[in-house]
Structure formats: C-alpha cells, structure tokens
Amino acid sequence: MTKKTKQLLYLLAFLFPLAVIAQVPISGVVVDVRNNPLSGVSVRVRNTNTGTTTDATGRFALSAPDKTGTLEFSNVGFKTQAISLNDATDNISITLNEDVGKLDEVVVTGMASSIKRSNSANAVASVSSKLLTGTTVQPTMDAALYGKFTGSNISANSGAPGGGISVKLRGITSLVANSQPLFIVDGVYYDNSSIVPGLNLVSKAAGQGNTNFQDNQSNRIADLDPEDIDRIEILKGASAAAIYGSRAAAGVVIITTKRGKTGKPNIEVSTAIGTQWQLKKLGQREWTEAKVQSAYGNTGVPLYRAANGRTYDYEKELYGQTALMRNARLSVSGGNEQTKYFIGFTSKDDEGIVKRTGYEKTSFRLNLDQKVTSFIDASVNANYVSSTADRGFFNNDNTSTTLGVAYVATPSWINLFPDANGNYPDNPLAPSNFLQTRDLITNREKVERILLGGTATWKILNIGKHDLRFIARGGLDQYTLNTIGIFPRELQFQKNGNGTNGASIYGTTLSKGTNFNGFLVHTFDVSNNLNLRTQVGVTAENLDQDNVINSATQLIGTQTNLGQAGAIQVAETKTVQHDRGFVVQEELNYRDMLLLTLGVRGDKSSRNGDADKLYYYPKGSIAFNINKLGSWNSSVISLLKVRAAYGQSGNFAPFGAIYSPLVPTVFNGSTGSLITLTRGKNTLNPERQTELEFGFDAGLFNDRITLEATYYKKDVEDLILNVAVPTSSGFSLAWNNVAAIENRGIELALNATIIQSKNLRWTQTTNFWKNKAKVTRLDVPAFNTGGFGATLGTYRVEQGKSPTQIVGIGVAADKVDPATGLATYGNGEPDFNLSAYHDIIYKNFEFSFLLHWKKGGDNINLTTLLSDIFGTSRDFDSKSLDPAGQKINGDYRLAALGSTARPWVEDASYFRVREMGLSYRMPRSWFRNIAGVKVGVSARNLINVFKYSSYDPEVSNFGSNAISSSVEVTPFPSAKSVHFNLSVNF
Amino acid sequence: MNIQLQTYIKVAAIAMPLFLLSACKVEPILDPNNPDATGIVVNASLSELQNLADGSESGMRESLGAYYDDLCVIGREYYRFSTSDPRFTSDLLGKSSAVLDNNTFYLTNPFAARYRVIRNTNILIDALTSTKAPITDLQRKAGIAYAKTIQAYQLLSVFNLLYNNGVRVDVKDPDKLGPFLNLQQSLDAIIGLLNEANTDLKGNTADLPFTTTLYARNAAQFSKFNRALSARVAIYKQDWTAANAALTDSFLDLNGDLTTGVFHLFSAAGGDQLNPLFYPRNSSGETRVAHPSFVTDAEVGDKRLSKVTLRTSAAFQDALQSNYDFYLYKTNVDPIPIVRNEELVLILAEVKAQLGVTADAVTAINTIRKAAGLTDYAGATDKNSLITEILKQRRYSLFGEGHRWIDLRRYNLLSQLPIDRPDDNVWMQFPIPANE
C-alpha cells in the first residue's frame, strides 16, 4: 500500500466509519467475592467498540469478531479483570474483586480524556456515590463532602438550612479574589455564586468595624442533588487542574452524575425520615438581684423583681424546635444497546432547629445516552431544581436585631412571649424581641434552576492502530434566585422611629452560564508497548448575571408588596464575562509503566485588562510504575509508582477591577458623574498559581493495602489587592498585583481491606493532610483584614507569615511586637486533618462511619464577647479563667477588652463522628425475588468533641471569604441529626 | 520512523492550527454597571459633559465638614466637640503631646476629596477636548477654563492645609505624579492656572457647554468668579497690585449685597448631601460651639454676633467650654460660601491699605462696619492699624468660613490666637499625608 492510498483510506474512513462484522458468541456470569451476581458490569473487547453490560442476575452475552484480543470486565468500585478471548467460552464465570485502593478507578487527565488511577501522575481525590450518600442522608451537596478526601479545608458557615459552605483546596489561593473551586457537572460549568440578599439594610452589619456583608447567604452548589451524583473528582491544584486554565486556581471539582446501564429497568424507591436538634447547648446564666444590678444597673432591677423568680429557657425556645426531616427519592434507570436512561427524582423537606426555618427542594434529572449511528454517540443531561430555604436572621449586626445578637442580649427573666391576643411585648433590655422577630420576619432564598448538558462523540476513524474521535460538548446553567427579606413594621426595631417602619427587601438574580467545547482526540497504538494520545480542543464559556435588589421601607400596614411603601431603593449589579481558550495535550503510555503528559491551555477573557490577550497555562507530568519493570518480582509489593506533576492555573481579579468607573452622585436636583475612589487597572494580570506535586503510590498484598503519599508546593503569584495609593492621584485605592503566597503540604491516603471472608468484609480509608501557607511577597505594608479590628482579633497579611494568622492588641504577657503593637494569637489554618471511613459488611448488615479530626486552627469567637457584654454568658460567674483566682470569667474577659484580644481567639479543633449508618438488606427471597429491600438508621454529627466554647467550631460570619472564614458572631447554631431510611429496589 | 507515525504527525499538524485559529476573538466588555472614565473621554455627549460638571461640583462638597473643622478649630473660631472622636479637641488644638497626624481622617479625607475633583475635572477637560458634540470652539475653551478654575480652587484648599509643605500640582497622570512644590511655587502655580483659565473666559460671550451652580454660565460672567479667587490668592502672595487688578475684574461691588457670591449647594433630596456644618442648636455629643473669645472680643452691637447663639446649657468637653453654639448655618441645607462679596470688599480694604491708598481702605472698612451695625472706623490710619482693623473685620465677617487661621498665619501673627489649655499648641500647617 502506498502512502497516498493509505491517506486516502484515512480520508474515506473520516466519511464512512467502518462497521465490523461479529462472529464469536461469548456469554457468562459476573459475581463478587461473596458470589453475589453483579449487575451493570461493563464487558468489552479491549480497544474495540464491542461490548455489553451484565443484567440484574449478573449475566451477559455478546459476539466478538474473532478469538484474538482481550475481554475486559470493569465496574465502578471493582478491579478490572481481563481474560484472553482465546479462553472465553459461551458460559464463563468471572469473579471481580473490590477495588479497595481505587486503582482501577478512572480519573480525568484532560477535558476529553481520562486514565486509570494506577496510571495517574496526580493524586486526584475522588468521592464515590457510596461514600457521598451511602452512609446517611445529605442535607445539601456541599455538606456531603467534608472529611472525605485529603487536601481540603471544608467548613460550614452556619447551621442554617439550605447550605453555605467554604471549600478550600490545598490552602489559601487568593486574598480578595475567588477562593472557591470551580464546579463542573457533566461538563457544564456550574455557577457557585454566593449572592447577598441585602439584609444589611436592617442589620447594618457592614459598616462599623468591617465593611463586608454578613448576610449568611448560601452558595449555589447547594442546588445540586447529591443523590444524583455517581462520583466526584477533585483536582486540588494547578498540576492537575491546569487544563481548566484561568478559572482553576482554587481547584476544580468535577461531578459526574449517574447514567443508565444496559438491562431491564432498575427502579429504586427510598425514603428517609429524620429529626435534628441543636448540636451543643450553651446554657443560660443563673441570676441573682446583685448580678442584675451589676449587669443592667437600675433599669434591670425592677424588671428582675417583677419577674418574681420566673425564668424562661430561651435557648430551648429559640433553638429547640423538634425538626422533622423528610426525604423521598425515586430513580429509574436502564436501557439497551442503543439507548440508556437515568431518571432521578428527589423531594426533600427539612425543618430547621429554629421555628419557621427550613429547606425544601425538588430535583428532577433525566440523563439520556443514545447511539445515533454506529459512529456517533450522544448524551443529554437535564436537571431541574426548585428549592426554598428559610434561613432565619443571624450573624453579626450593628442594630441588635438579628435573632442571634438579640438572644445573647436578653437575660432569661425577661418575658418576650406574646399575650393571649398575640401581641408581643417590647424587649426592655434590647432593641428587639427575638421571638417576635422569629415569628414575623421572612428571610427566604428561592431558586429555580435548569441545567442542560449535551455531549456528542463522533468516532471519525477506528482503523488499525488509530482511533480518532471528535467530542463536542455544550452546557447551559440558568437560574433565577429570589431573595425575600420581609421585616414588618410592627417589629420592635421597625416601629416608633426605631427603624424604617418596616422593610421589604426583594432581590432577583438572573444567572445564565453557557459553555461549549470541541475536542479532537487521537489515540495511536504505535506498538503493543507504546500508546500515544493527542487531544486538541477549543473552549468557550460565557456568564451573564444580573442581580437587582429592591429595598422598600416605610411600609403600609402589613403589606409587603414593593409598591406599598413610602421609600424604595434599587441596586443593580451586573456581571458579564466571555472566556475563550484552547487546549493541546499529548499523553504517552509505555507498557503502563512510563506515563508522560504534556499540555498547555491558552485562555482569553473579558475579565482581563486586555481581553484578547492569550494567557498560557502549561502542565507536564510523569508517572513510573516500578512494579511493571520486567525484573520486578515481589509477592508483597504489588504496586509501586513514583509520580511528579507540574502545572499552572489562573484566577481572575474581582469583577470590575479593570474598570475605573464614574459613580453617580446627586446634586442640585440632577445627577452627576464623579470618578470612583478605586482605580481599576486595565493591565492587571490574572493571579497565577504554579504547583509542583510529587509522591508515590504503593500497594501491598495484591493491593489489599494501598498507600498514596503526596507532597506539593503551590505558589500563587501576582495576587491581587486593592491597595492604598497617593490620593493626589484622585484615587484612594487601586487594584494591583502585589503579593504572593506559598502553600506546602502533604497528603496521605491509606486504603485497606482489614477483613475479607465469606460473611465479613471490613474496609477502611484513612486520610491525613496538612498544609502550611506563607506570604512570600507583599509589595504593600502589612495590613489587617477580616474580623473587627485589632481590639477583638483580626487577620493580618504580612510577609513571611501565614496569611491566616490572627493578631490583636495585647499586654506585655502576650509578647506584643513593639513595632506594630500587635501580638499573634493564632492561625485560621488547621495543623492537620485526619479522617477515617470504615465500612463493615456482615452478612446482610452494613455498618459504616466517617470520623474526622481537625487539629488546630483558631476562630475569632465574638459570640462569647457579646454574651459577656450583655452579661448573659453561661459561665459568667465561674472562676476558671483568672490565674489570680480573683475575677469571675465574665468580668475577666471583659477586663481584657481594649487591652488584649486573647480571650476571643480560641482553638477550633474538633473530633466528630460526621456520619454513621447501619443498614440491613433483607433477603430478596422474602419478596419473591422481586424486590431488594434495605432498612437502616443513620446519623450526622452524632458525636462531637471540642473545647471551643461556642456552638460549633465550624462557623463563618463572613461566608466563604478567602481569609476571614473563621469568625463567629452569633450564628445559626449547627445541628445533629438522625434518619430512618428505607429503600426498595426492583 | 514508520509511515503510520508520519501520518499521525501530519494529522496532528493539520488539526492543531485549525483548532487554534478557530479560537475566537474576545471583545472587551465595557463596565456593565457604570459609565467608564476611559470611554467618556473618547466621545462625550452633551449630557455626559453635564454629568461630569455636576459630578465635579458635587465632589467639591465632599469632606467639607472636616476641612472647615481643621481651619476653624486651629484658628480658634469654634470648638468641634465629638463623643465618638477625641482628636478634634486633642490633635487639632495641639493638646500636650498630641500632634497633627499624617494619616488621620481630618487630613486625609479633605486632601483626597480635593484631588478627586481635580481628577474629575481632568476627565472633563479630556472629554471637552475630544467631544464631537455640537459645541462651539469658544464653548469648548470656556468649559476647559471652568474646569481649570475649579482645579485652582481645589489646589488652594489643599494649600490652605499644607502651607509650607506645598501642594502637588501636576497630577494629570496618576502613574507619574509631579513633585510637591514649595510654598511660593504652589501659589504661583495656582495663580498661573487661574490666569490661564481667565484668558479663555474674559470677554468670551459664549455660554459654558453645561449649566453650573458656580456664579454664572456665561463665560465672561464666570470670569468674575475666577478673578475673585485670583484676588484671594494674590493677597496670600502679597502681590497687592495683582490683587487690585483681579478685584477690578471680579464681582466686587462696594455698594452691593455683601452676601452675593459663589456657594456649595445642599439639599434634602434623596441621595443629595446635607450641609455638614449644621447641627441643631443645643446639640450635645456631636456639636460645634463658638470659641468664647468670639463673643468677648466683639464690639458692642456687632450684628455679626448672630452667627452664634446662646446655649441653654454650656457645652463641655476635654476641659474646654462654651456657652455659644456655632450657628452660621440655620438649616441643614444652607449653602456654604466659596467666595463672597464681603470678602472681596475686605480684600479691597487690605489691598488699598497695603498700597497706601488709605481713604479707599477706610471706605471699604466702613462699608463692612456699617453692614455689621457699627459706627465708622475711627482708629489710626497708618498701615499697621488699618491691617489690624481689617483682620478683625475679617474675623467677624468671615467667621466660620475658614479664614482666621490663614489670615494670622500670613501676617505671622499666630501667636495672637488664644491658648485655652496650658499645653495647647497652635499649628502652622498640616503634614503631607502618609500615602503621598
């Protein structure tokens, strides 16, 4: 064959993909080690399109072209097994071993390719659906992740229903820009905005002390139904995430949802009923008249006397609702060779521990896979979610109106209960009656979200040693978020000139994100030993968000319509972004022994000063499986791989940082334009992260024990800050690239099958991770940020120090730095995290639990401060703090106010049993083999051990802020929950 | 290398550039939330020019509270009592070891606010230079001269605070700020800017290409405001001849209403600003009270004592006391003067006294005294006596308008200011802000 004719053949093959005629029939059954049939196992002739999956009884049948080649059996969670076709018969029996070390699991290496974990050069973390939702019911998607993989610092912002979580992967990656990872669901960029509902109008929390909003809003990843998820892969740093380029500096979380498999319909119905209650009660102070006199002076004493010894358990009243939680789930999946489908439906209704709070969600998903022709596969994913979260009114304020602040401001002998006619008394000692507030206000987030994604794969060429495919993907993520804040005018803090005679704050956010990409993937088996894979692709992402908040005040009567108001303010914020990029990547696989990857992504974005400038993010990695060396011969060590990976990724400046806008000003009955105080910089570079990761993976005793050990060094350069400039420029601040941070850390993951026998199987995964961050460059003077100033403890960004160090004013004993007048009291970053997941199956019983120990990491706890100021702390009268044994705790802490910040910086270490579940799978024979029925009981956060003096060390007044994400100011307390589960499988 | 590998490389070589070429161009997106300063200077519409002018005049009012507090507290015209901030009575009055800080709001806020207006007027100048809106060349020139006049006034305000430390005049390029000039250079630069503007204003019959609340829209009329400022700066420079000339072209009117002038306007409309110098009478906590010497030093029958009112109870703070509220502004929307005819008459008196035209000086003094309900001036008419009398009249006529400290400073008489507490100091000037 001449070269020319060969090329012609390729060209023809582009147009007319070849069909292969089947010849050899093969059939059999696939079982696990306990001889249970395995359904949904993929059975495939290696490197061909010939394949099928097993049915509910574990059986399969297919026809192979001839008797040469290898037949592969693979299933999620099991080690892939291969047999020579020459040995295959029409009734073979295959036993699959569980893949405890997850070595056969597929992990992503590019936007259009993946690789077996045993060949991966990165420590890509993954969370299976079993680990995600198998133990207990998850309130939201974000809440399902803690403690389940290494290298993350995940923290709930509060216990409010509807989510709100901060996820940081491998340390601090930004100071003021986005610090949350990019979420991608089935190839669709999933918006995870955290949108402020505008409650600041009432709380006035932003202003004195700290200008950030503290509205305790959720973030939008909460909209995703965790039950739909098949697996999650977490690309923690640039070495793995470089291929996602300019949006990937905070890491990428790749979520794959469940899909149908060939076979008869699999119907699963499950329901869970549960309850939750306050995780830790703080208790209330015991009072005497003398204490009242000292705390409230002459105004308090008559009120105390009038109460005549009667007190109220307000902690129980406010946080003690017996909260009912209900979860119902239906999924149907199945399909044939041409069409596969998955339908998932979830209805959830969780009450919060505070009356009139809760979270309701309905989610519907349809995933379809269709073979359009013999050479084109298509899949479509559609998800509709409707959710409502009533989140109460918590966190910091400057008006004593939030439930949290008003609660700590009220002693137990004040009666706040309504009279027989439903009229609430005014709180004589605080500006608001929190029972009235709880019963009358609304703080609701309502979301309607549609997610559509589609993928088409065109197998252009599959001839000889070449396989060429074109993969096109598109996605749409669109939602409407309504935030509804209603503060009726009869509230104590709204009436009689105390407020604005009611406030109705109505926010609407329309968000639309689209993304498209197209990839050519060429696989070339140069020889039996050498395989090359090339991919080139183009990407496009667009985001268009419009947030409008209407704040109506001077309300008419009980009306909440925006028109029924005497004054109305409107604020609108638009975000528009267009990104375009390309990807080129080359992978080399030599005998599964040496694996090399080189790639680069180029990105343009309208978020950059020069929208059309390409920024390049390169990557490269190498993995070497020592055990594949011909000379390797160890019966103990079944796997030994060394690996190294390098990559870069970017992060945009906060939206608007490239603009120097003219801001509106009202003057003389007209409006003027005045230059803004903050100068934009149109030559701003994106923040750039460079990560080098290396480590080794080892497997012992046929991979019954595996260890994954990783060390990384991650440098984030060109960090963006809003820095003070000479004001004679006309500006006070200007955006600039001025800082750099270095993160170093280690991650260890140990998987082991502890016991494996016919009746008992006990597996475990232990994760250990630790990160140390340091500011390595700071072109501006060190500055305090987050928190509420040095008096109460604040974060301080300072060269050579951790970016999350907590400093404050202090006395000589605190070792104050004479130059700054500040002492160091702690660090928001934990010393280390250790988590362990155990799964024990005995006959039909399954018991699993997840332990999580976070050692170190400090919080700034201002709930205690406020409780002391108002004299309501439970331990106010104890004498456990003063080393001199003189002052009671409350007085001791208050005496420190203004001289040292030490009392408010607390160790936030904790040990938790995050999840625990026990289930029993009833024998199918009880139901005439029609249905599989599983019953169980499960719990979240049932056991918690911490010294931290407030509700929960996991808390954030400022939401998912990059640095100040461990400040507490009277949050919605967190809860523990128990569920009873029943699932039926047809 | 085998044939397949060659083909492989060829396919890759063809596919890659194809893909890379199709990576589309990304168009820049203009700020979706605000007008963009870089866009407006390319082709501003008439209404955008108006917005810039309004924005500048609005910006001129920013931080006036702190500015006048600086001038009047150091000039011992009134005390600024504040429960939330002790620095008005410590730093500004030089209490014991307290000094004027180079990074505190009383300096940084007014300083930044003035330069912000200069930035805004520079944008206006750029917009006027390039606009294709239907304006005549004379209008374009008048508009630019208007912007320069405002810039000169803003620089003068900074100069009043920093004095010997000078001002930074060249701030056109925020990345390449010019140096701080010394006192004389600063004054010359301000005068130069005013004269430059006046060249295009004087005799220019065109209207400004936008409306203004500053004196008049007609360029030739607006020139009178420019000249009034020029006369003030000239006497700071002790250039009496130039001051005399400027007065002639200003809106000085010996027989006219002394309150005629140019003002910062305020209103209670939503989003607009209120007069920051207004506090209701008998306020406690946050208040301004007259320095007691203002009442005790006054001549009997001086109507200008109506600028203060007797409090129902004395105000105390930080070992300072006053029975009188500072009550120059009767409502929270009263305008704050930039320059008034009364000041021009006093400048005339000073200029004539300095030039030895005694009769004219006395006439001007008497115009002021008469308006204040006082008898004609009967003191000595030598230069020093006249200047003493003029400074006294300035103290009462321009009370609370920020002149006292500046007047005594330029005549090297700061030692005459009353010291209320034994360790108090009188400052000569503010330091250069830390961020500079």
# chains A, B, ... in the order shown; residues from 1 in each chain; ligands from 1
$ interface_residues --of "chain A" --to "chain B" --cutoff "7 Å" --atoms "only C-alpha atoms" --output "number ranges by chain"
A: 536-538, 573-574, 578, 580-582, 604-606, 611-612, 656, 659-663, 665-668, 671-675, 725-732
$ write_last_selection --atoms "N, CA and C atoms" --output "tab-separated table (two decimals), in the first residue's frame"
chain	number	residue	atom	x	y	z
A	536	VAL	N	-6.63	17.99	20.98
A	536	VAL	CA	-6.63	19.43	20.78
A	536	VAL	C	-8.08	19.88	20.86
A	537	GLY	N	-8.29	21.02	21.44
A	537	GLY	CA	-9.66	21.43	21.59
A	537	GLY	C	-9.78	22.93	21.78
A	538	VAL	N	-10.98	23.40	21.55
A	538	VAL	CA	-11.28	24.81	21.82
A	538	VAL	C	-12.39	24.88	22.84
A	573	THR	N	-26.49	45.00	40.15
A	573	THR	CA	-25.11	44.61	39.86
A	573	THR	C	-25.12	43.61	38.72
A	574	LYS	N	-24.42	43.93	37.66
A	574	LYS	CA	-24.34	43.01	36.52
A	574	LYS	C	-22.94	42.44	36.44
A	578	HIS	N	-16.89	36.78	29.14
A	578	HIS	CA	-16.70	35.88	28.00
A	578	HIS	C	-15.28	35.33	28.04
A	580	ARG	N	-12.55	32.53	26.15
A	580	ARG	CA	-12.28	31.63	25.02
A	580	ARG	C	-10.90	31.03	25.24
A	581	GLY	N	-10.76	29.79	24.86
A	581	GLY	CA	-9.46	29.18	25.08
A	581	GLY	C	-9.23	27.99	24.18
A	582	PHE	N	-8.04	27.45	24.25
A	582	PHE	CA	-7.75	26.22	23.52
A	582	PHE	C	-6.88	25.33	24.40
A	604	LYS	N	-8.26	33.40	26.91
A	604	LYS	CA	-8.55	34.82	26.80
A	604	LYS	C	-9.79	35.08	27.63
A	605	SER	N	-9.89	36.26	28.18
A	605	SER	CA	-11.12	36.55	28.92
A	605	SER	C	-11.39	38.03	28.95
A	606	SER	N	-12.67	38.36	28.91
A	606	SER	CA	-13.07	39.76	29.04
A	606	SER	C	-12.82	40.26	30.46
A	611	ALA	N	-8.57	42.02	26.81
A	611	ALA	CA	-9.48	40.89	26.64
A	611	ALA	C	-8.98	39.89	25.61
A	612	ASP	N	-8.22	40.36	24.65
A	612	ASP	CA	-7.83	39.47	23.56
A	612	ASP	C	-6.45	38.86	23.76
A	656	GLY	N	-14.86	43.85	37.87
A	656	GLY	CA	-14.86	45.31	37.93
A	656	GLY	C	-13.48	45.89	38.20
A	659	TYR	N	-11.90	48.20	35.68
A	659	TYR	CA	-12.59	49.45	35.31
A	659	TYR	C	-12.30	50.57	36.30
A	660	SER	N	-12.24	51.81	35.78
A	660	SER	CA	-12.22	52.99	36.64
A	660	SER	C	-13.51	53.75	36.33
A	661	PRO	N	-14.60	53.35	36.92
A	661	PRO	CA	-15.88	53.91	36.52
A	661	PRO	C	-16.14	55.29	37.12
A	662	LEU	N	-17.13	55.94	36.55
A	662	LEU	CA	-17.66	57.17	37.12
A	662	LEU	C	-18.89	56.77	37.93
A	663	VAL	N	-18.93	57.16	39.16
A	663	VAL	CA	-20.05	56.75	40.00
A	663	VAL	C	-21.07	57.88	40.08
A	665	THR	N	-23.68	60.64	41.44
A	665	THR	CA	-23.82	61.49	42.62
A	665	THR	C	-24.99	62.44	42.38
A	666	VAL	N	-25.79	62.65	43.41
A	666	VAL	CA	-26.96	63.51	43.26
A	666	VAL	C	-26.56	64.93	43.63
A	667	PHE	N	-26.93	65.86	42.76
A	667	PHE	CA	-26.53	67.23	43.03
A	667	PHE	C	-27.53	68.19	42.41
A	668	ASN	N	-28.05	69.06	43.24
A	668	ASN	CA	-28.85	70.18	42.75
A	668	ASN	C	-29.99	69.71	41.84
A	671	THR	N	-28.21	64.60	38.43
A	671	THR	CA	-27.22	63.60	38.81
A	671	THR	C	-25.92	63.90	38.10
A	672	GLY	N	-24.85	63.68	38.82
A	672	GLY	CA	-23.54	63.92	38.23
A	672	GLY	C	-22.73	62.65	38.21
A	673	SER	N	-21.63	62.70	37.48
A	673	SER	CA	-20.70	61.58	37.44
A	673	SER	C	-19.40	62.01	38.10
A	674	LEU	N	-18.98	61.19	39.07
A	674	LEU	CA	-17.77	61.52	39.80
A	674	LEU	C	-16.87	60.29	39.74
A	675	ILE	N	-15.60	60.53	39.53
A	675	ILE	CA	-14.67	59.41	39.39
A	675	ILE	C	-14.67	58.58	40.67
A	725	VAL	N	-3.22	54.22	47.53
A	725	VAL	CA	-2.30	54.93	46.64
A	725	VAL	C	-2.27	56.39	47.06
A	726	PRO	N	-1.29	57.15	46.60
A	726	PRO	CA	-1.31	58.59	46.89
A	726	PRO	C	-2.63	59.19	46.44
A	727	THR	N	-3.33	59.84	47.35
A	727	THR	CA	-4.66	60.32	46.99
A	727	THR	C	-4.59	61.54	46.08
A	728	SER	N	-3.41	62.12	45.91
A	728	SER	CA	-3.33	63.24	44.96
A	728	SER	C	-3.52	62.74	43.53
A	729	SER	N	-3.53	61.42	43.35
A	729	SER	CA	-3.86	60.87	42.03
A	729	SER	C	-5.36	61.01	41.75
A	730	GLY	N	-6.12	61.38	42.78
A	730	GLY	CA	-7.57	61.45	42.62
A	730	GLY	C	-8.25	60.17	43.06
A	731	PHE	N	-7.45	59.14	43.30
A	731	PHE	CA	-7.99	57.86	43.76
A	731	PHE	C	-7.45	57.60	45.18
A	732	SER	N	-8.20	56.81	45.92
A	732	SER	CA	-7.71	56.43	47.24
A	732	SER	C	-7.11	55.04	47.22
$ select_by_dssp --residues "segment 193-345 of chain A" --states "strand (DSSP E)" --output "PyMOL selection string"
chain A and resi 229-235+252-257+263-278+323-335+339-345
$ write_last_selection --atoms "C-alpha atoms" --output "short mmCIF file (atom, residue, chain, number, x, y, z; two decimals), in the first residue's frame"
data_model
loop_
_atom_site.label_atom_id
_atom_site.label_comp_id
_atom_site.auth_asym_id
_atom_site.auth_seq_id
_atom_site.Cartn_x
_atom_site.Cartn_y
_atom_site.Cartn_z
CA ILE A 229 -24.12 12.02 41.77
CA ASP A 230 -22.19 9.00 40.62
CA ARG A 231 -18.75 10.27 41.52
CA ILE A 232 -16.79 13.40 42.25
CA GLU A 233 -13.19 14.04 41.34
CA ILE A 234 -11.31 16.85 42.95
CA LEU A 235 -8.39 18.48 41.14
CA VAL A 252 -11.75 22.08 40.15
CA VAL A 253 -14.47 19.76 41.38
CA ILE A 254 -15.66 17.50 38.59
CA ILE A 255 -19.02 15.93 39.23
CA THR A 256 -20.37 13.06 37.18
CA THR A 257 -23.99 12.13 37.59
CA GLY A 263 -30.56 -4.03 31.04
CA LYS A 264 -34.08 -4.08 32.32
CA PRO A 265 -35.27 -1.06 34.26
CA ASN A 266 -33.78 -0.67 37.70
CA ILE A 267 -36.25 1.11 39.94
CA GLU A 268 -35.18 2.40 43.28
CA VAL A 269 -37.56 3.98 45.75
CA SER A 270 -36.25 5.26 49.01
CA THR A 271 -37.47 7.38 51.81
CA ALA A 272 -35.92 8.78 54.93
CA ILE A 273 -37.50 10.37 57.93
CA GLY A 274 -35.36 12.13 60.44
CA THR A 275 -35.04 14.77 63.04
CA GLN A 276 -32.34 17.21 64.04
CA TRP A 277 -31.53 19.10 67.18
CA GLN A 278 -29.01 21.64 68.40
CA ALA A 323 -37.25 19.49 63.45
CA LEU A 324 -38.75 16.94 61.12
CA MET A 325 -36.75 15.99 58.06
CA ARG A 326 -38.24 14.14 55.18
CA ASN A 327 -36.55 12.88 52.07
CA ALA A 328 -38.16 10.88 49.26
CA ARG A 329 -36.31 9.57 46.28
CA LEU A 330 -37.21 7.72 43.12
CA SER A 331 -34.80 6.69 40.43
CA VAL A 332 -35.36 4.62 37.32
CA SER A 333 -32.57 3.59 35.04
CA GLY A 334 -32.00 1.13 32.29
CA GLY A 335 -31.64 0.89 28.57
CA THR A 339 -30.49 3.97 24.37
CA LYS A 340 -29.80 4.29 28.06
CA TYR A 341 -31.62 6.44 30.53
CA PHE A 342 -31.46 7.55 34.10
CA ILE A 343 -34.26 9.37 35.86
CA GLY A 344 -33.78 10.73 39.33
CA PHE A 345 -36.37 12.50 41.41
#
$ residues_around --residues "segment 282-295 of chain B" --least-positions-apart "6" --cutoff "10 Å" --atoms "only C-alpha atoms" --output "ChimeraX atom specification"
/B:69,72-73,75-85,302,304-305,307-317,320-327,395-396,399-400,417-418,420
$ residues_around --residues "segment 158-174 of chain A" --least-positions-apart "6" --cutoff "8 Å" --atoms "only C-alpha atoms" --output "PyMOL selection string"
chain A and resi 139-140+142-143+151-152+180-181+216-219+222+236-237+249-251+350-352+357-359+388-392+687+689+716+719-720+741+743+745+771-773+803+829+954-957+959-963+965+971-975
$ residues_around --residues "Ser964 of chain A" --least-positions-apart "2" --cutoff "7 Å" --atoms "only C-alpha atoms" --output "count of residues only"
8
$ residues_around --residues "Ser621 of chain A" --least-positions-apart "5" --cutoff "10 Å" --atoms "only C-alpha atoms" --output "PyMOL selection string"
chain A and resi 120-122+239-240+587+595-599+643-647+692-694
$ write_last_selection --atoms "N, CA and C atoms" --output "compact mmCIF listing (two decimals), in the first residue's frame"
# COMPACT_ATOMS: atom_id res chain seq x y z
N SER A 120 -2.13 7.30 36.93
CA SER A 120 -2.20 8.76 37.05
C SER A 120 -0.96 9.33 37.71
N ALA A 121 -0.53 10.47 37.21
CA ALA A 121 0.64 11.13 37.80
C ALA A 121 0.23 12.13 38.87
N ASN A 122 -1.07 12.29 39.08
CA ASN A 122 -1.57 13.22 40.10
C ASN A 122 -2.31 12.46 41.19
N SER A 239 -1.36 21.51 39.20
CA SER A 239 -0.70 20.42 38.49
C SER A 239 -1.74 19.50 37.86
N ALA A 240 -2.90 19.39 38.48
CA ALA A 240 -3.96 18.56 37.90
C ALA A 240 -4.97 19.39 37.14
N GLU A 587 -0.33 12.63 25.49
CA GLU A 587 -0.05 11.65 26.55
C GLU A 587 0.68 10.47 25.94
N LEU A 595 4.47 6.83 32.08
CA LEU A 595 3.36 7.63 31.56
C LEU A 595 3.78 9.09 31.59
N LEU A 596 3.72 9.71 30.42
CA LEU A 596 4.12 11.11 30.32
C LEU A 596 2.96 11.92 29.80
N THR A 597 2.81 13.11 30.30
CA THR A 597 1.78 14.02 29.78
C THR A 597 2.39 15.40 29.63
N LEU A 598 2.10 16.03 28.51
CA LEU A 598 2.49 17.42 28.32
C LEU A 598 1.28 18.14 27.76
N GLY A 599 1.03 19.32 28.24
CA GLY A 599 -0.13 20.02 27.71
C GLY A 599 -0.04 21.50 27.98
N ARG A 643 5.65 9.39 41.06
CA ARG A 643 5.00 10.32 40.12
C ARG A 643 5.38 11.75 40.45
N ALA A 644 5.34 12.60 39.44
CA ALA A 644 5.58 14.02 39.62
C ALA A 644 4.72 14.76 38.61
N ALA A 645 4.18 15.88 39.03
CA ALA A 645 3.33 16.66 38.12
C ALA A 645 3.56 18.14 38.37
N TYR A 646 3.47 18.88 37.29
CA TYR A 646 3.69 20.32 37.35
C TYR A 646 2.58 21.00 36.55
N GLY A 647 2.11 22.13 37.01
CA GLY A 647 1.11 22.82 36.22
C GLY A 647 0.89 24.24 36.72
N LEU A 692 3.81 22.22 41.97
CA LEU A 692 4.63 21.05 41.72
C LEU A 692 4.22 20.02 42.76
N GLU A 693 3.87 18.84 42.25
CA GLU A 693 3.40 17.80 43.16
C GLU A 693 4.19 16.55 42.89
N PHE A 694 4.65 15.87 43.91
CA PHE A 694 5.20 14.55 43.66
C PHE A 694 4.89 13.60 44.81
